[in-house]
Structures are given as C-alpha cells and as structure tokens.
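Asker: Please find one structure pasted underneath; my questions will follow.
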Amino acid sequence: MDYVAIEKKWKEIWAKEKVGQYDENKPDKFYMLEMFSYPSGANLHLGHWYNFALSDSFARYKKMCGYNVFEPMGFDAFGLPAENYAIKTGIHPQTSTDKNIEIMEKQLREMGAIFDWDHEVVTCRPEYYKWTQWLFLQLYKKGLAYRKEAPVNWCPSCQTVLANEQATDGVCERCGSAVVKKNLTQWFFKITDYAEELLDGLDGLKWPEKTKLMQKNWIGKSVGGEVEFILSTGDKVKVFTTRADTLYGVTYIVLAPEHPLVDKITTQKQRKAVDDYISEVNKSSEIDRLSTAKEKTGVFTGAFAVNPINGKTVEVWIGDYVLYSYGTGAVMGVPAHDARDFDFAKKYGLDIIRVIKGKEGVNDELPFVEYGIMVDSGTQSGLTSDEGKLAVIKVLEKQGKGELKTNYRLRDWLISRQRYWGAPIPVVYCEHCGIVPVPEEQLPVKLPFDVNFTPDGTSPLLKHEGYMNTECPICHGKAKRDPDTLDTFVCSSWYYLRYTDNKDDKMPFSREKADKLCPVDMYVGGAEHACMHLLYARFITKALRDMGYIDFDEPFTALTHQGMILGADGQKMSKRNSSESPDELIHTYGSDALRTYLGFGFKYIEGGPWNKDGIKAISKWFDRVQRLVDDAVSAEDTEEKAFTSAENELNCVLNNTIKCVLEDYEIFSFNTAVARMMELVNALYRYDREGMNGKLFRESVRSLILLLAPLAPHICEEFWHNLGFDGYLVEQRMPTYDSAALVKPEVEIALQINSKIRGKLTVDSSFTKEELEKHVAECEQVVALLDGKQIKKIIAIPGRLVNLIVG
C-alpha cells in the first residue's frame, strides 16, 4: 500500500471539508494548545514533530471521546535570533521570518493534524502586536507598568546590551570581551503584586510537581523579620531574616556591591580594594553570582554597623552573593549557624559566635544550622528557636528597629529590550508632559522597516529619526518615542487569548469567546519555560481578570512537558546538523509512520536517542494491520453461538487492549498504547481463521483502527472506509470495553507432581482453592499421571498452579 499517496488523498479531503475543526455552536469544549513555535530556522526538526504531532494525537483522542476540541496554531515570531541573523547576513528580520513561517506552516500541515489555521496568530504582525501594546497600556493605567533604572549586561567592545544568555560566564558570545554592568532606565511589570496569589494558585493546577516546585522556589516566599542596622555613617540598612533567633550571633553584615550606600560608606583606606572588587563582580551575571557551586567572595568596606539586639559593633562587607535587586540588598552574617556564612568567616578570619545549642543528644558541631535552644542571647536565652524567632522581633518592634515581614524572591519583570525585532513600547516622552502613553486609537505603533542594525551601544530604533520624532498626544508639542521594544515573553503571555478571537479589530479578544474557551485544558511544551513564560502568562491572566476583561484565574489548567529527541549518539539534535530530516522520512515512509514511531519509540515526557530502524519497523507493522483489514473485509458472519476458548481469549485481549489504550492516551503514554495495540494484532494473527467468528473478528479490527487513529490518522481513515464504514474517523467515538470480558472464563495452570512440572491444566478461572483441589483430585488427566499412587497433599494456587504430593 502506498501510504504517502493515501496521506495526500486524505489531507486534501480533510482540508476541503474542514474535518475535525472546533464548532463554536457545540458544547463540551476542550482547548488543546502546544507552545507555539519560534520560526528561527527554515525547517521543522524532529523535536518539533515530537511536540506537535503527538500533542495532536492527544487532541484527536479527546475529539474521539466526544469533546469539541479547539487546537489552534501560530508563531512566536519576534525575538533575538532573527535580529542577530540580520546583523550577520543583512537579511531583514521581517523577510527571514516571513519566509520561515511560510515553510514551517507548510510542514506543519503535512502532519495531518487538526490544527485550526483559521485562528492562526503571528506575533510580529501589526494586527497582533497592536494588542500587545494595548496590553501594556492597560497595565500602565492599572499601575502595574512602571519605569526605573536597572543594571544590564554591557559589552564595551561591541558597544551593545546583551541578554543574560549572551553573557554566559561573564563574556560576550560575539567577541569574547569581558561583560560589565551598566545602569539603564527601563520598564517593568509589577508581577510582585501577585506573588502570593501566584503561589497559592499552584496547588489547584494539574501540572508536573517538579514544575510547580520550580515556580514556588522562584517566587520564594519567606516569613520572618526585617531588622534595622545603624551604620557608622549614620545611615540605616535593613536586613531580612527568617532566623531572628540567631541575631545575637551576627558578626558582620554584607551589602550587594551595587548597593547605593557602598560608595558613601567605603573608607579611603579600603577604596581601591572595594572598587577593584566591584569591577570584577560586574563581569558576572546574576545567575553566576547566585550559583551554589560558586565560592562566595567579598571585601571589607572599612565601615561598621551596630547590631540592634545587643549593641555590638560588626564589620560591613560587600559580597558577590548578595543582589541589590533581591530583598533589601543586604544580609546578616551568622557564621556559627549558616554554612555559607561559616565558610565566608573562615576564609576572611571573621568572628564565629555560637548562640544556638542543640537539644539533648543532638550533634551541634558548628556550623549548627538546625533549630535548637538559644544561648548567650540575653533575656531570650533558654528559648527554643521557634519561640526566639518571634520574641527577638517583638523586642525590636518596641524599639522601632524591626518588624515581622513576609519576603519574596520574585522580582518585577523587566520588559524593556534594547533590540529592534520586537513590539515597540507605546510611550512617548514630552519635555512638558513627561511620560505620555500613546492613545489606544493610535495603535499600533508600527515597527519601521528601514533600520540600521549595526550595534553601537544604543537601541537600533534610536537611530531612526523618522520613528523617534513624534508629537505629544496631550500638548501636540515635540516628543520622542521610547526606543526600546517589549520582551517577547510579553507577546507570548496572552497569545492563548488571541487565538479565541484572532480576527477582532476592535478588541484583543471577545470576553464571551475567551470565557467560553478558556482556560486551556491541556498545555504542552518544554519544562525550560517553568519560571518565565508560564509564570508571566499566569500573571497577565490574573491582571486581565482584575481589570474585568476575563472571568477566570489561570491560563493553563493542565500541563505536560515533552521530552527531547536526541541524535543516535545521545547528543542534542538542535546543537548540530542532524542528518534526520522529517521531510525525507515522511516522503519515504509517510507522516503516520513517523508520528507512530515517535509515540512508540520513546516515553513522551523523557524522549531519547533517535533510531531510524524504528520507523522502518512501524511501516512493516502497518502492513500487518492492513492484512487484518483485508481479512476483515472478506470475513463472513456466522450464526450466534457461545464463544469457543479461542474466541474468549481474543475477546479478552480485545477488551483489555481497549481499556489500557484509553488509559494510556489519557496520560500521554503513547509508547505503551502502541505496545498494547501490537499485542492485539498478534492475538488476531493467532486466532484460527478456519470457522472463525466473523463478527468478533471484524469488531476486533474495527476497534483496533479506532484506537490507532490518533497516531496514524491517514491510513486508519483509509482502513475505516475500506471496512465499509461511513463518516470521518476523528468524528467517531473511541470503543468501550466490557469489564466482564477482562476475566477469562478458563485459565491454564501448571500441574506439578512432587514439585516437578508434568503438564498444564485448563480450569475454570473462578475456582476457589477448595474447588481447584476437588477438581484436580477427580480429573481423569491427573489420575492417569499418578500411576496408582495416592495423593497425600494438594498445594493449590488458583490461577497459577497445583502441586500434588504423592507416594
């Protein structure tokens, strides 16, 4: 059978008839969504296929369970790769992106998926980013968008700002020069306003526990106290701690090198050491500085501070492991009761003072980081750590030097990018009116085409006078546009909403349509997005809800992460030129064979090394299925009569297969689903066709085709119609199973005499131990094997064996 020709035939029919598409007039919606692709390359690779094709198989399965499935598709088309490509080649990002989208869309259609292309979105097109800009304006009006100065990675050689991923290990990926920190005024979204709700909402989501934990850790809620230290300069520094019971053991405090007080408090004697240290720290990214594997370093500022709980003077240091953008930008050092502080104090010869002792029998060798009993802690000595944490803060509260506080690791979302290929920030700056948002009726602020991309230390748009120079919407005087563009995560934070109403030119989406279709019932994509895209989309959803645009709390009810397809050598295919082209494979074997092998050859959430022989084996297995279909077409009905043992066996395998495959599809376990179907195919081949039950055989083949359809939609459509059935497969219902048929009426057990195997017995599967013993004792087959010997004892295990002890 020419599977490639069959696929072409059915693709054309499905497209013409719009088979499998969402019907907005029907109930029981199921919103199925894959993280949309970035068109950075000209072709889909096997990783794309693994994500999109098998997610579509899940969507088809849900459709065949009776759901009204909505599965849109689009492209996350703004971003850094296209701009870097333009810098290197001179090919405009718009040109390369449009070309890549055209190619990738054609390839996506080759899958035979039920993607709803009528609802397509492309984030780099004005009709989409107009509403991304609208979203910015709504957040600005709500007080959730604001502007402040913040540090960025700066390459002095390339004269440009670098994203964190471009400044790995503190060097520029383009030229290898050391990266430094530079402050720029930029826009932020106030995601921290939703920290508590973002944390609480995780418990109700059907997400992988690891992903939920990653978000919890990223949000980083800590309940403790904020304590005020007075510096020798008279300045005050606040420190957050969850272990106020150890406050008597503070022997130093550490400020972030970028803390604004550092320059003021540094003594002349320590000036050079501090300046040199800050210069070195500026070469490291925040991720590197926070790495637990990295040794912590610091330098003394020459300044001192007063411990508010006991009045003792302690040294003030700066250290690379403290970030000004996190918490208060300062931490207290308690080396006796913190492993990091202990190592730091040992390295620099700082005092180590025990103030917590272990309870009786507990090893409290320093550093002792567990809870215990407070010692040498003034009036709090003798309190447990739990008691002391609260008592110490209460004392400081009365003195105005401390308070109970909840802190979060989460920081506000920096959304400004000093890049070209992104949505322009819809703000102008007027000498008279200050910051002025662009009126909504003037959106979109279009991205100009004729822009110089050569890096020179400024945003590319800043060099485009025609773009930058504009009129103030309020006073109509001269004004300047914001030269930056929005982080592409802003574009992807709300795209799932635009899918529901992608042609609306009056609003980003209809509330009625969004509330009807959303939230997304199943979202599929990479785990690497756990703390960025997934968190940002949750924040934007909650903000839109609070502004009255939607009536639900979460964007994605359930989430599944696909694994990664590796090369045959176990290396990432995306990191090198892969010889395995999906186009070549589907032109040889068909897309159904590729899709089914991707489902069978790997555990979906794990992935694994590619093996080309696997797709060949699947193609041959399809041939076996085809022969069963041919036999079913010619099978004749037989008169109704009780099943033979062979028919009972087949019926049991059939119903067990249906049960297991339905359960497997529900949890994306495609590999075990295919294995179950292979068992059914084997059972059908074992079944003797002479005098066979034609009705049972045809029903078994029919059920097989229905079960296989989500993974091999084209050839199963062909098989379905060859069997004489009407309608399209995706519009049929999955077969149901008979629980009673899962239990075989008879079972084969081992027969042992004096613990040696002598044969097998076919017995009633419902026999109890006593019934099995009685049956065996009277069985002619058994009596013939005893040679007149007497049975002394019978050891019977129903369903497995019977052992006769004779003599």
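In the structure tokens, chains take the letters A, B, ... in the order shown, each chain's residues start at 1, and ligands count up from 1 in the order shown.
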Set the distance at 9 Å and use only C-alpha atoms: which residues neighbour Leu707 of chain A once local chain neighbours fewer than 3 positions away are removed? I'd like the list as JSON, numbers by chain.
Answerer: {"A": [61, 658, 661, 662, 673, 677, 702, 703, 704, 710, 711, 734, 735]}
Asker: Near Pro151 of chain A, counting only C-alpha atoms, which residues have an atom at most 7 Å away, once you skip same-chain residues fewer than 4 positions from it, shown as an MDAnalysis selection string?
Answerer: chainID A and resid 181:184
Asker: Using only C-alpha atoms, please write the residues we just selected to a file, as a PDB file, in the first residue's frame.
Answerer:
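Saved file selection32.pdb follows:
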ATOM      1  CA  LYS A 181      27.207  46.033  34.290  1.00  0.00           C
ATOM      2  CA  LYS A 182      25.655  49.307  33.185  1.00  0.00           C
ATOM      3  CA  ASN A 183      22.582  51.077  34.537  1.00  0.00           C
ATOM      4  CA  LEU A 184      19.757  51.967  32.144  1.00  0.00           C
TER       5      LEU A 184
END
Asker: With only C-alpha atoms as the counted atoms, please give the residues lying no more than 9 Å from Ile565 of chain A, apart from itself and same-chain residues fewer than 3 positions off, as a list of chain:residue names.
Answerer: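 Here the qualifying residues turn out to be A:Leu46, A:Gly47, A:Tyr50, A:Gly570, A:Lys572, A:Met573, A:Leu598, A:Phe602, A:Glu606, A:Gly607, A:Gly608, A:Pro609, A:Trp610.
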Asker: Fewer than 6 positions away in the same chain doesn't count, so skip those; otherwise give me all residues within 7 Å of Ile356 of chain A, counting only C-alpha atoms, as a ChimeraX atom specification.
Answerer: /A:246,372-375
Asker: With C-alpha atoms retained, write the just-selected residues as a compact mmCIF listing (two decimals), in the first residue's frame.
Answerer:
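As a result, selection-v8.txt now contains:
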# COMPACT_ATOMS: atom_id res chain seq x y z
CA THR A 246 20.39 33.81 65.68
CA GLY A 372 17.71 24.37 68.97
CA ILE A 373 17.93 26.34 72.22
CA MET A 374 19.09 29.96 72.38
CA VAL A 375 22.26 30.58 74.47
Asker: Can you list, as JSON, numbers by chain, all residues belonging to segment 67-290 of chain A that DSSP tags as alpha helix (DSSP H)?
Answerer: {"A": [80, 81, 82, 83, 84, 85, 86, 87, 88, 89, 93, 94, 95, 96, 97, 98, 99, 100, 101, 102, 103, 104, 105, 106, 107, 108, 109, 110, 126, 127, 128, 129, 130, 131, 132, 133, 134, 135, 136, 137, 138, 139, 140, 141, 195, 196, 197, 198, 199, 200, 209, 210, 211, 212, 213, 214, 215, 216, 217, 218, 219, 262, 263, 264, 265, 271, 272, 273, 274, 275, 276, 277, 278, 279, 280, 281, 286, 287, 288, 289, 290]}
Asker: Which is closest to Ala709 of chain A among A:Val122, A:Val674, A:Ala543, A:Leu801, if we use only C-alpha atoms?
Answerer: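 Of all the options, A:Val674 lies closest to Ala709 of chain A.
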Asker: Can you list, as a list in words, every protein, DNA or RNA residue that comes within 6 Å of Tyr429 of chain A when you count only C-alpha atoms, leaving out same-chain residues fewer than 4 positions away?
Answerer: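 Close residues of Tyr429 of chain A: Gly434, Ile435, Ala479 and Lys480 of chain A.
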Asker: How many Å separate atom CA of Val802 of chain A from atom CA of Leu751 of chain A?
Answerer: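 Computed distance, atom CA of Val802 of chain A to atom CA of Leu751 of chain A, equals 5.3 Å.
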Asker: DSSP says strand (DSSP E or B) for which residues of segment 453-579 of chain A? Put them as a list of chain:residue names?
Answerer: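 For segment 453-579 of chain A, the strand (DSSP E or B) set is A:Asn469, A:Thr470, A:Glu471, A:Lys478, A:Ala479, A:Lys480, A:Arg481, A:Thr485, A:Leu486, A:Val520, A:Met522, A:Tyr523, A:Val524, A:Phe556, A:Ala558, A:Leu559, A:Thr560, A:Met564, A:Ile565, A:Leu566, A:Lys572.
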Asker: Can you write out the residues you just picked, keeping C-alpha atoms, as a PDB file, in the first residue's frame?
Answerer:
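The new file result36.pdb reads:
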ATOM      1  CA  ASN A 469      10.500  62.161  16.463  1.00  0.00           C
ATOM      2  CA  THR A 470       6.780  62.454  17.040  1.00  0.00           C
ATOM      3  CA  GLU A 471       4.080  64.660  18.510  1.00  0.00           C
ATOM      4  CA  LYS A 478       7.626  67.818  20.045  1.00  0.00           C
ATOM      5  CA  ALA A 479       8.148  64.434  21.683  1.00  0.00           C
ATOM      6  CA  LYS A 480      10.346  61.342  21.423  1.00  0.00           C
ATOM      7  CA  ARG A 481       9.217  57.747  21.234  1.00  0.00           C
ATOM      8  CA  THR A 485      10.939  47.124  22.368  1.00  0.00           C
ATOM      9  CA  LEU A 486       8.974  44.763  24.584  1.00  0.00           C
ATOM     10  CA  VAL A 520      -6.604  25.999  28.223  1.00  0.00           C
ATOM     11  CA  MET A 522      -4.138  20.902  28.206  1.00  0.00           C
ATOM     12  CA  TYR A 523      -0.933  22.825  27.503  1.00  0.00           C
ATOM     13  CA  VAL A 524       2.128  21.048  26.105  1.00  0.00           C
ATOM     14  CA  PHE A 556      -3.482  26.610  31.708  1.00  0.00           C
ATOM     15  CA  ALA A 558      -3.241  21.098  32.930  1.00  0.00           C
ATOM     16  CA  LEU A 559       0.340  20.946  31.666  1.00  0.00           C
ATOM     17  CA  THR A 560       2.533  18.263  30.135  1.00  0.00           C
ATOM     18  CA  MET A 564      13.786  15.664  23.936  1.00  0.00           C
ATOM     19  CA  ILE A 565      14.675  13.628  20.883  1.00  0.00           C
ATOM     20  CA  LEU A 566      18.443  13.159  20.777  1.00  0.00           C
ATOM     21  CA  LYS A 572      21.097  17.236  21.219  1.00  0.00           C
TER      22      LYS A 572
END
Asker: Record the distance separating atom CA of Trp413 of chain A and atom CA of Val490 of chain A, expressed in Å with one decimal.
Answerer: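 These two atoms are separated by 9.9 Å.
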Asker: List every residue of segment 204-268 of chain A that has an atom at most 12 Å from any atom of segment 382-393 of chain A, and for each one report the closest atom pair and its distance in Å to one decimal, counting only C-alpha atoms, with rows sorted by chain and then by increasing residue number, as a Markdown table.
Answerer:
| residue | atom | partner | partner_atom | distance |
| --- | --- | --- | --- | --- |
| A:Val223 | CA | A:Lys389 | CA | 10.6 |
| A:Gly224 | CA | A:Lys389 | CA | 7.8 |
| A:Gly225 | CA | A:Ile393 | CA | 6.4 |
| A:Glu226 | CA | A:Ile393 | CA | 8.1 |
| A:Val227 | CA | A:Ile393 | CA | 7.8 |
| A:Glu228 | CA | A:Ile393 | CA | 10.8 |
| A:Phe240 | CA | A:Ile393 | CA | 11.2 |
| A:Thr241 | CA | A:Lys389 | CA | 9.5 |
| A:Thr242 | CA | A:Lys389 | CA | 7.7 |
| A:Arg243 | CA | A:Lys389 | CA | 6.0 |
| A:Ala244 | CA | A:Lys389 | CA | 4.6 |
| A:Asp245 | CA | A:Lys389 | CA | 4.5 |
| A:Thr246 | CA | A:Lys389 | CA | 8.1 |
| A:Leu247 | CA | A:Val392 | CA | 8.0 |
| A:Tyr248 | CA | A:Val392 | CA | 9.5 |
Asker: Neighbours of Phe449 of chain A within 12 Å (only C-alpha atoms; same-chain residues fewer than 4 positions away dropped), as a VMD selection string?
Answerer: chain A and resid 91 to 95 420 to 421 453 460 to 461 464 466 to 467
Asker: Residues at most 12 Å from Asp2 of chain A, counting only C-alpha atoms, excluding those fewer than 5 positions away in the same chain, as a PyMOL selection string?
Answerer: chain A and resi 7-9+587-590+619+622-623+626+714-715+718
Asker: Identify which of the residues A:Leu135, A:Cys124, A:Val254, A:Leu202 lies closest to Met547 of chain A, counting only C-alpha atoms when measuring atom-to-atom distances.
Answerer: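 Comparing A:Leu135, A:Cys124, A:Val254, A:Leu202 against Met547 of chain A, the winner is A:Leu135.
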Asker: From the set A:Leu54, A:Lys394, A:Ile540, A:Pro455, which residue has the shortest atom-to-atom contact distance to Asn84 of chain A, counting only C-alpha atoms?
Answerer: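 Of all the options, A:Pro455 lies closest to Asn84 of chain A.
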Asker: Just to confirm, what's the straight-line distance from atom CA of His561 of chain A to atom CA of Lys221 of chain A in Å (one decimal)?
Answerer: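 Atom CA of Lys221 of chain A lies at a distance of 25.3 Å from atom CA of His561 of chain A.
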Asker: Restricting the calculation to only C-alpha atoms, which member of A:Glu690, A:Ala568, A:Glu780, A:Trp494 is positioned closest to Ala537 of chain A?
Answerer: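 Ranked by minimum distance to Ala537 of chain A, first place goes to A:Trp494.
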